[in-house]
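Here's the structure, in structure tokens; my notes come after.
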Amino acid sequence: MHMADALISPAVGGAMWAVSGGLIGYGAKKVREEADDRKIPLMGVLGAFIFAAQMINFSIPGTGSSGHLGGGMILSILLGPHAAFLVMASVLTVQALFFADGGLLALGCNIFNMGFFTCFIAYPLIYRKLVCGSLDKKRVLLGAVLAGIVGLQLGAFSVVLETVFSGVSELPFKTFVFLMQPIHLAIGLVEGLVTAGVVSFATAARPEILTAAAERTPLGGSVKKAALGIAGAAILIGTGLSWFASADPDGLEWAMLRTSGQEALESRGKLRGVLASWQEKTAFLPDYSFKKDVSAAEAVLAGKAAAEPGAGGKSAWPAVDSGTSAAGLVGGVMTLLLAALIGIALKKRNAAA
Amino acid sequence: MNKLGKNLVDIGYMDTLSAGRSFLHKLDARAKLLTTVLFMAAVVSLDKYQVSAMIPFSLYPIFLIGAGNLPAGYILRKTAVVAPFAVFVGMFNPLLDRQILFHLGSFGVSGGWVSFLSILIRFSLTVSAALALLCVTGINALCEALVRAGVPKPFAVQLLFLNRYLFVLTGEAERMTRARRLRSCDRGATAPRAFIQIVGHLLLRTMDRAERVYRAMLCRGFDGHVRVVRFSRIGRAELAFILGWAALFAVFRSVNLPVILGQAVAGAWK
Amino acid sequence: MSHHIIEADAIRYSYPDGTAALGGVSFRISHGESVALVGENGAGKSTLLQHFTGCLFPESGSLSIGGVPVSKQNLLAVRRAVGMVFQNPDDQLFMPTVFEDVAFGLLNLGVPEAELEGKVMAALETVGAPHLRARPPYRLSQGEKRAVSIAGVLAMSPDILVMDEPTSNLDPLSRRRLIGLLRTFQHTKIIATHDLDFALELCERTLVIHKGSITADGPTREIFRDEQLLMRSSLEKPLSLGS
């Protein structure tokens, strides 16, 4: 459930970068306070372990599909929430760099969705409460499954919110929720089962792994409070920022209209018109401003097209009237060719040097 | 070869590419990282119905590929297979947003198709730029750039260690899954039970390795602080790179060059 | 420099799970000696080596290096005196590039950054690997990894060099190079190995360890001719000694 760069707006991406950055700072501070030297190489190598383990697929019986490990829960059990969060963040960073999984702008979202909920919510509030450091297989299983499900449900919901707030996708809030949550119920269940399996396997061979981990992770009530506080703040900041700063408040409007009823479709055109004109006046990123400068030329060029009924009604969307579109199409292809030529020339020069 | 093996070869190959000698490779990683982030911010900040305005931005990944002497086909192939999520979510746009935005001849194009195309272009631009960035910089230098950009120390050290043991552990996991494969007749994905055993073993080995690494660190005077030295610096070339591209992005972002070009061509035609 | 004598007196050690690893080991190694430590798998070689660097402490008995007992209080002094080369270079080369790895120990010793470059490069020159400075360790061959991990240890100018299976995984040419390199060192050397030919070329003295105790201590040539002794420790007389 990696969020992708292509689906987010800069406001959402930026807000989540800030939130995840803050969480990394918080986790780093806590890890420093623990002052456990041994943890430094352990965290590093476990990060590489998760990176490698995620590439091993296993079949999910009865479905014909296959899954892989998320890893946040195993890390939390072995390292405690703060160190686990840092490790997850590092793994996601490297994946974003290596495989462009998600991407750089969406990295903040991905760290939050896949690190925060598992390490700071599901692990301390569910797994620890249920398992209490016991090695009993059934308890580990129950704790891991429940925590896995909750962690992934929250993460998936967060993906939905981020996507809807970004407004690039047309998927309405409700549909998207109904798509994402059940899928992640299954994924969470599998994640929990596998986590419990691996933890039980490892502790059966070497029980001291967990006792050492338990000693290392003093988890006071303040952490939970802080975690909840941060979660709340994140949602507030995210909502606020995408509302105020978004150059494209479309998505939010969409989500709200969609969830509130059927009138969305009819009122959309009108509302869009209002929003667009408002936006034209206030947008700090000049979304459509070039239009005024070229509108004269456009009118000449697109004389025929402008007479078409479809184009006439589209005055609220000046950027995409068909005159501009035709010019854009021709110019776009030419620009692409030009860019490719530059690339080839650079390469030739490089090869010659 | 299984997925793991392929991934291993793949990241190894990208790592090899990053050892190139073009001037792009020599630039400080921070400059390249910052410029790429600017690039992405500029691309994704475009309106969702924008298609033509995005095209000029392709100059940046193409420049990285050309000047960095990277195999263009490889980057394109990798871009195409990455992250089906964006395509999956984007596919709903044509279904949901059916309002006709404009006509091409007698063919009405709905907003959904335009925004879907826009998502695909966004996606190709951001992913290809990210991959090209990695290939001209290398994972080490990129993590270093993050470290120097001021991430908290424990996280910086975490990135350094993760980096160092990526190849070691991925290789180990690959050998373990290969060994299982050789001794089992089934050809599909690993069964859950076998998966748990493989990953469990890998975990135990990983913990042992962490202990040995810790000992090796102690033997060389480790006292809880990893001291990092860095020599790269931001010089004139780096500044020129960042500012030059930032200016170009600003132009691409505010002026729809393809439209102007198209109009100029149409004007000349008449 | 007589103060770098290593003296072990009846060291005993058992692991937390109760396995006895060392059952009263005593020896004395004086400055500049090259000593091979041989024995079957699980004989206690690695456990003994870990005592030299203060990663493990004897349960009873004592170990002193240069007159300083190896204890928690003296760890820094002990680790400055003893340089340990691990069996698996991947465990030892933990930094992202060769240069940083060699610099790691120096920085811990408080070497100022201005002198760092010179010292790191000097260590890399010694092992013939200055060209590898910018390479990440996972891109090196086994022989190169070995050379670089030795450089990392040498950079800290230890008096005693302890090596665990230095020839494992090396191709013959790299092994030959390593022998040449180690011959040039004046350090006291303790080398745990199964490669008896290697021991024969480098070490004038050998300790045989069997099930946690020393079963022989003497000139390498004499010990390696004693086939019965070797057999008991799952070892084999080196071919180079003839019959």
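For the structure tokens, the naming scheme is as follows: chains receive sequential letters (A, B, ...) according to their order of presentation, residues are indexed from 1 within each chain, and ligands are indexed from 1 in presentation order.
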
Neighbour list for stretch 169-183 of chain B as a list in words, cut-off 9 Å, only C-alpha atoms, skip fewer than 3 positions in-chain: Val45, Ala48, Phe49, Phe51, Ala52, Ala53, Met55 and Ile56 of chain A; Met1, Asn2, Lys3, Leu4, Gly5, Asn7, Leu8, Tyr165, Leu166, Asp186, Arg187, Thr190, Ala194, Phe195, Ile198, Val199, Leu202 and Thr206 of chain B

Could you save the residues just selected, with C-alpha atoms, as a tab-separated table (two decimals), in the first residue's frame?
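Saved to again-v7.tsv:
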chain	number	residue	atom	x	y	z
A	45	VAL	CA	21.14	-5.24	10.46
A	48	ALA	CA	18.49	-5.03	6.14
A	49	PHE	CA	16.71	-8.18	7.33
A	51	PHE	CA	14.39	-5.28	3.42
A	52	ALA	CA	15.43	-8.79	2.38
A	53	ALA	CA	12.47	-10.59	3.99
A	55	MET	CA	11.27	-9.76	-1.09
A	56	ILE	CA	10.44	-13.34	-0.15
B	1	MET	CA	15.80	-16.90	-10.83
B	2	ASN	CA	13.26	-15.88	-8.21
B	3	LYS	CA	12.14	-12.39	-7.35
B	4	LEU	CA	14.80	-12.00	-4.71
B	5	GLY	CA	17.57	-12.99	-7.05
B	7	ASN	CA	16.04	-7.78	-7.24
B	8	LEU	CA	19.55	-8.47	-6.06
B	165	TYR	CA	24.03	-4.76	5.15
B	166	LEU	CA	21.42	-4.60	2.41
B	186	ASP	CA	6.76	-27.07	-5.94
B	187	ARG	CA	7.56	-24.14	-8.12
B	190	THR	CA	6.92	-20.51	-0.71
B	194	ALA	CA	8.37	-22.82	4.93
B	195	PHE	CA	8.34	-19.05	4.72
B	198	ILE	CA	13.21	-19.37	6.30
B	199	VAL	CA	12.48	-15.94	7.71
B	202	LEU	CA	17.24	-15.52	8.69
B	206	THR	CA	20.67	-11.63	11.62

Residues within 6 Å of stretch 35-51 of chain B, only C-alpha atoms, excluding chain neighbours under 3 positions, as a PyMOL selection string: (chain A and resi 9-10+168) or (chain B and resi 32+54+114-115+118+126+242)

Compile a residue-level contact table for chain C against chain A at a cut-off of 12 Å, reporting for every qualifying residue the shortest atom pair and its distance in Å to one decimal, with only C-alpha atoms counted, rows ordered by chain and ascending number, as CSV.
residue,atom,partner,partner_atom,distance
C:Pro16,CA,A:Glu208,CA,10.5
C:Asp17,CA,A:Glu208,CA,10.6
C:Asp90,CA,A:Val45,CA,11.6
C:Asp91,CA,A:Pro41,CA,10.3
C:Gln92,CA,A:Pro41,CA,11.4
C:Leu93,CA,A:Pro41,CA,12.0
C:Phe94,CA,A:Pro41,CA,8.7
C:Met95,CA,A:Pro41,CA,10.6
C:Pro96,CA,A:Gly44,CA,11.8

Chain B contacts on chain C, only C-alpha atoms, 9 Å, as number ranges by chain: C: 50, 53-55, 76, 79-80, 82-86, 90-97, 100, 103-109, 113, 136-138, 152-153, 156

For the selection just defined, write its residues with C-alpha atoms to a file, as a PDB file, in the first residue's frame.
ATOM      1  CA  GLN C  50      37.200 -13.145  22.391  1.00  0.00           C
ATOM      2  CA  THR C  53      39.682  -8.241  23.228  1.00  0.00           C
ATOM      3  CA  GLY C  54      37.578  -8.150  26.365  1.00  0.00           C
ATOM      4  CA  CYS C  55      34.429  -9.290  24.612  1.00  0.00           C
ATOM      5  CA  LEU C  76      40.130   0.810  26.479  1.00  0.00           C
ATOM      6  CA  ARG C  79      41.498  -2.759  22.953  1.00  0.00           C
ATOM      7  CA  ARG C  80      44.162  -0.222  21.992  1.00  0.00           C
ATOM      8  CA  VAL C  82      45.063  -5.658  20.666  1.00  0.00           C
ATOM      9  CA  GLY C  83      43.845  -5.477  17.087  1.00  0.00           C
ATOM     10  CA  MET C  84      41.377  -8.176  16.164  1.00  0.00           C
ATOM     11  CA  VAL C  85      40.725  -9.338  12.604  1.00  0.00           C
ATOM     12  CA  PHE C  86      37.426 -11.226  12.468  1.00  0.00           C
ATOM     13  CA  ASP C  90      31.443  -8.675   6.430  1.00  0.00           C
ATOM     14  CA  ASP C  91      31.069  -8.499  10.196  1.00  0.00           C
ATOM     15  CA  GLN C  92      34.058  -6.279  10.515  1.00  0.00           C
ATOM     16  CA  LEU C  93      33.652  -3.905   7.599  1.00  0.00           C
ATOM     17  CA  PHE C  94      30.489  -2.294   8.831  1.00  0.00           C
ATOM     18  CA  MET C  95      30.899   1.199   7.452  1.00  0.00           C
ATOM     19  CA  PRO C  96      29.565   2.176   4.017  1.00  0.00           C
ATOM     20  CA  THR C  97      32.920   2.751   2.315  1.00  0.00           C
ATOM     21  CA  GLU C 100      35.146   5.341   6.427  1.00  0.00           C
ATOM     22  CA  ALA C 103      38.660   5.783   9.727  1.00  0.00           C
ATOM     23  CA  PHE C 104      36.155   4.360  12.209  1.00  0.00           C
ATOM     24  CA  GLY C 105      38.696   3.230  14.793  1.00  0.00           C
ATOM     25  CA  LEU C 106      40.854   6.313  14.297  1.00  0.00           C
ATOM     26  CA  LEU C 107      37.942   8.618  14.977  1.00  0.00           C
ATOM     27  CA  ASN C 108      37.128   6.660  18.126  1.00  0.00           C
ATOM     28  CA  LEU C 109      40.721   7.216  19.246  1.00  0.00           C
ATOM     29  CA  GLU C 113      40.149  15.188  11.052  1.00  0.00           C
ATOM     30  CA  PRO C 136      31.668   0.035  -0.631  1.00  0.00           C
ATOM     31  CA  PRO C 137      32.750  -3.183   1.118  1.00  0.00           C
ATOM     32  CA  TYR C 138      30.123  -5.353  -0.588  1.00  0.00           C
ATOM     33  CA  GLY C 152      41.242  -0.966   9.649  1.00  0.00           C
ATOM     34  CA  VAL C 153      42.934  -2.727  12.507  1.00  0.00           C
ATOM     35  CA  MET C 156      44.912   1.948  15.162  1.00  0.00           C
TER      36      MET C 156
END

Based on only C-alpha atoms, which of the residues in chain A come within 6 Å of chain B? I want them as a PDB file with C-alpha atoms, in the first residue's frame.
ATOM      1  CA  ALA A   6       1.662  10.589  -8.882  1.00  0.00           C
ATOM      2  CA  SER A   9      -0.621  16.953  -3.990  1.00  0.00           C
ATOM      3  CA  PRO A  10       2.423  18.876  -2.765  1.00  0.00           C
ATOM      4  CA  ALA A  28      15.738   9.378  17.462  1.00  0.00           C
ATOM      5  CA  ASP A  37      25.082   0.740  22.239  1.00  0.00           C
ATOM      6  CA  PRO A  41      24.264  -2.407  14.859  1.00  0.00           C
ATOM      7  CA  LEU A  42      21.182  -4.463  15.728  1.00  0.00           C
ATOM      8  CA  GLY A  44      20.932  -1.541  11.142  1.00  0.00           C
ATOM      9  CA  GLY A  47      16.594  -3.098   8.779  1.00  0.00           C
ATOM     10  CA  ALA A  48      18.491  -5.034   6.138  1.00  0.00           C
ATOM     11  CA  ALA A  52      15.429  -8.792   2.383  1.00  0.00           C
ATOM     12  CA  MET A  55      11.274  -9.757  -1.087  1.00  0.00           C
ATOM     13  CA  ASN A  57       6.916 -14.092  -1.283  1.00  0.00           C
ATOM     14  CA  PHE A  58       4.755 -16.721   0.307  1.00  0.00           C
ATOM     15  CA  SER A  59       1.562 -18.217  -1.020  1.00  0.00           C
ATOM     16  CA  SER A  90      14.994   3.795   6.977  1.00  0.00           C
ATOM     17  CA  ALA A 100      10.974   4.228  -6.593  1.00  0.00           C
ATOM     18  CA  VAL A 168      -5.576  13.738  -8.106  1.00  0.00           C
ATOM     19  CA  SER A 169      -7.582  10.543  -8.100  1.00  0.00           C
ATOM     20  CA  GLU A 170     -11.277  10.733  -8.809  1.00  0.00           C
ATOM     21  CA  GLY A 197       4.979 -17.534  13.344  1.00  0.00           C
ATOM     22  CA  VAL A 198       8.379 -15.916  12.953  1.00  0.00           C
ATOM     23  CA  PHE A 201      10.004 -19.756  15.760  1.00  0.00           C
ATOM     24  CA  ALA A 202      12.811 -17.456  16.810  1.00  0.00           C
ATOM     25  CA  PHE A 290      -0.666  32.094 -18.334  1.00  0.00           C
ATOM     26  CA  ASP A 321     -10.447  24.493 -23.710  1.00  0.00           C
ATOM     27  CA  SER A 322      -9.909  22.713 -26.934  1.00  0.00           C
ATOM     28  CA  ALA A 327      -1.889  23.461 -29.383  1.00  0.00           C
ATOM     29  CA  GLY A 328      -0.806  21.565 -26.299  1.00  0.00           C
ATOM     30  CA  VAL A 330       1.159  19.424 -31.043  1.00  0.00           C
ATOM     31  CA  GLY A 331       3.531  21.379 -28.848  1.00  0.00           C
ATOM     32  CA  GLY A 332       3.739  18.577 -26.298  1.00  0.00           C
ATOM     33  CA  ALA A 339      13.953  16.823 -24.895  1.00  0.00           C
ATOM     34  CA  GLY A 343      19.256  13.595 -24.148  1.00  0.00           C
ATOM     35  CA  LEU A 346      24.291  14.536 -24.243  1.00  0.00           C
ATOM     36  CA  LYS A 347      24.778  10.814 -24.394  1.00  0.00           C
TER      37      LYS A 347
END

Straight-line distance linking atom CA of C:Ile5 with atom CA of C:Gly66, stated in Å to one decimal: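 Between atom CA of C:Ile5 and atom CA of C:Gly66 the gap works out to 4.9 Å.
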
Spatial neighbours of C:Phe198, 10 Å, only C-alpha atoms, chain gap at least 4 places, as a count of residues only: 13
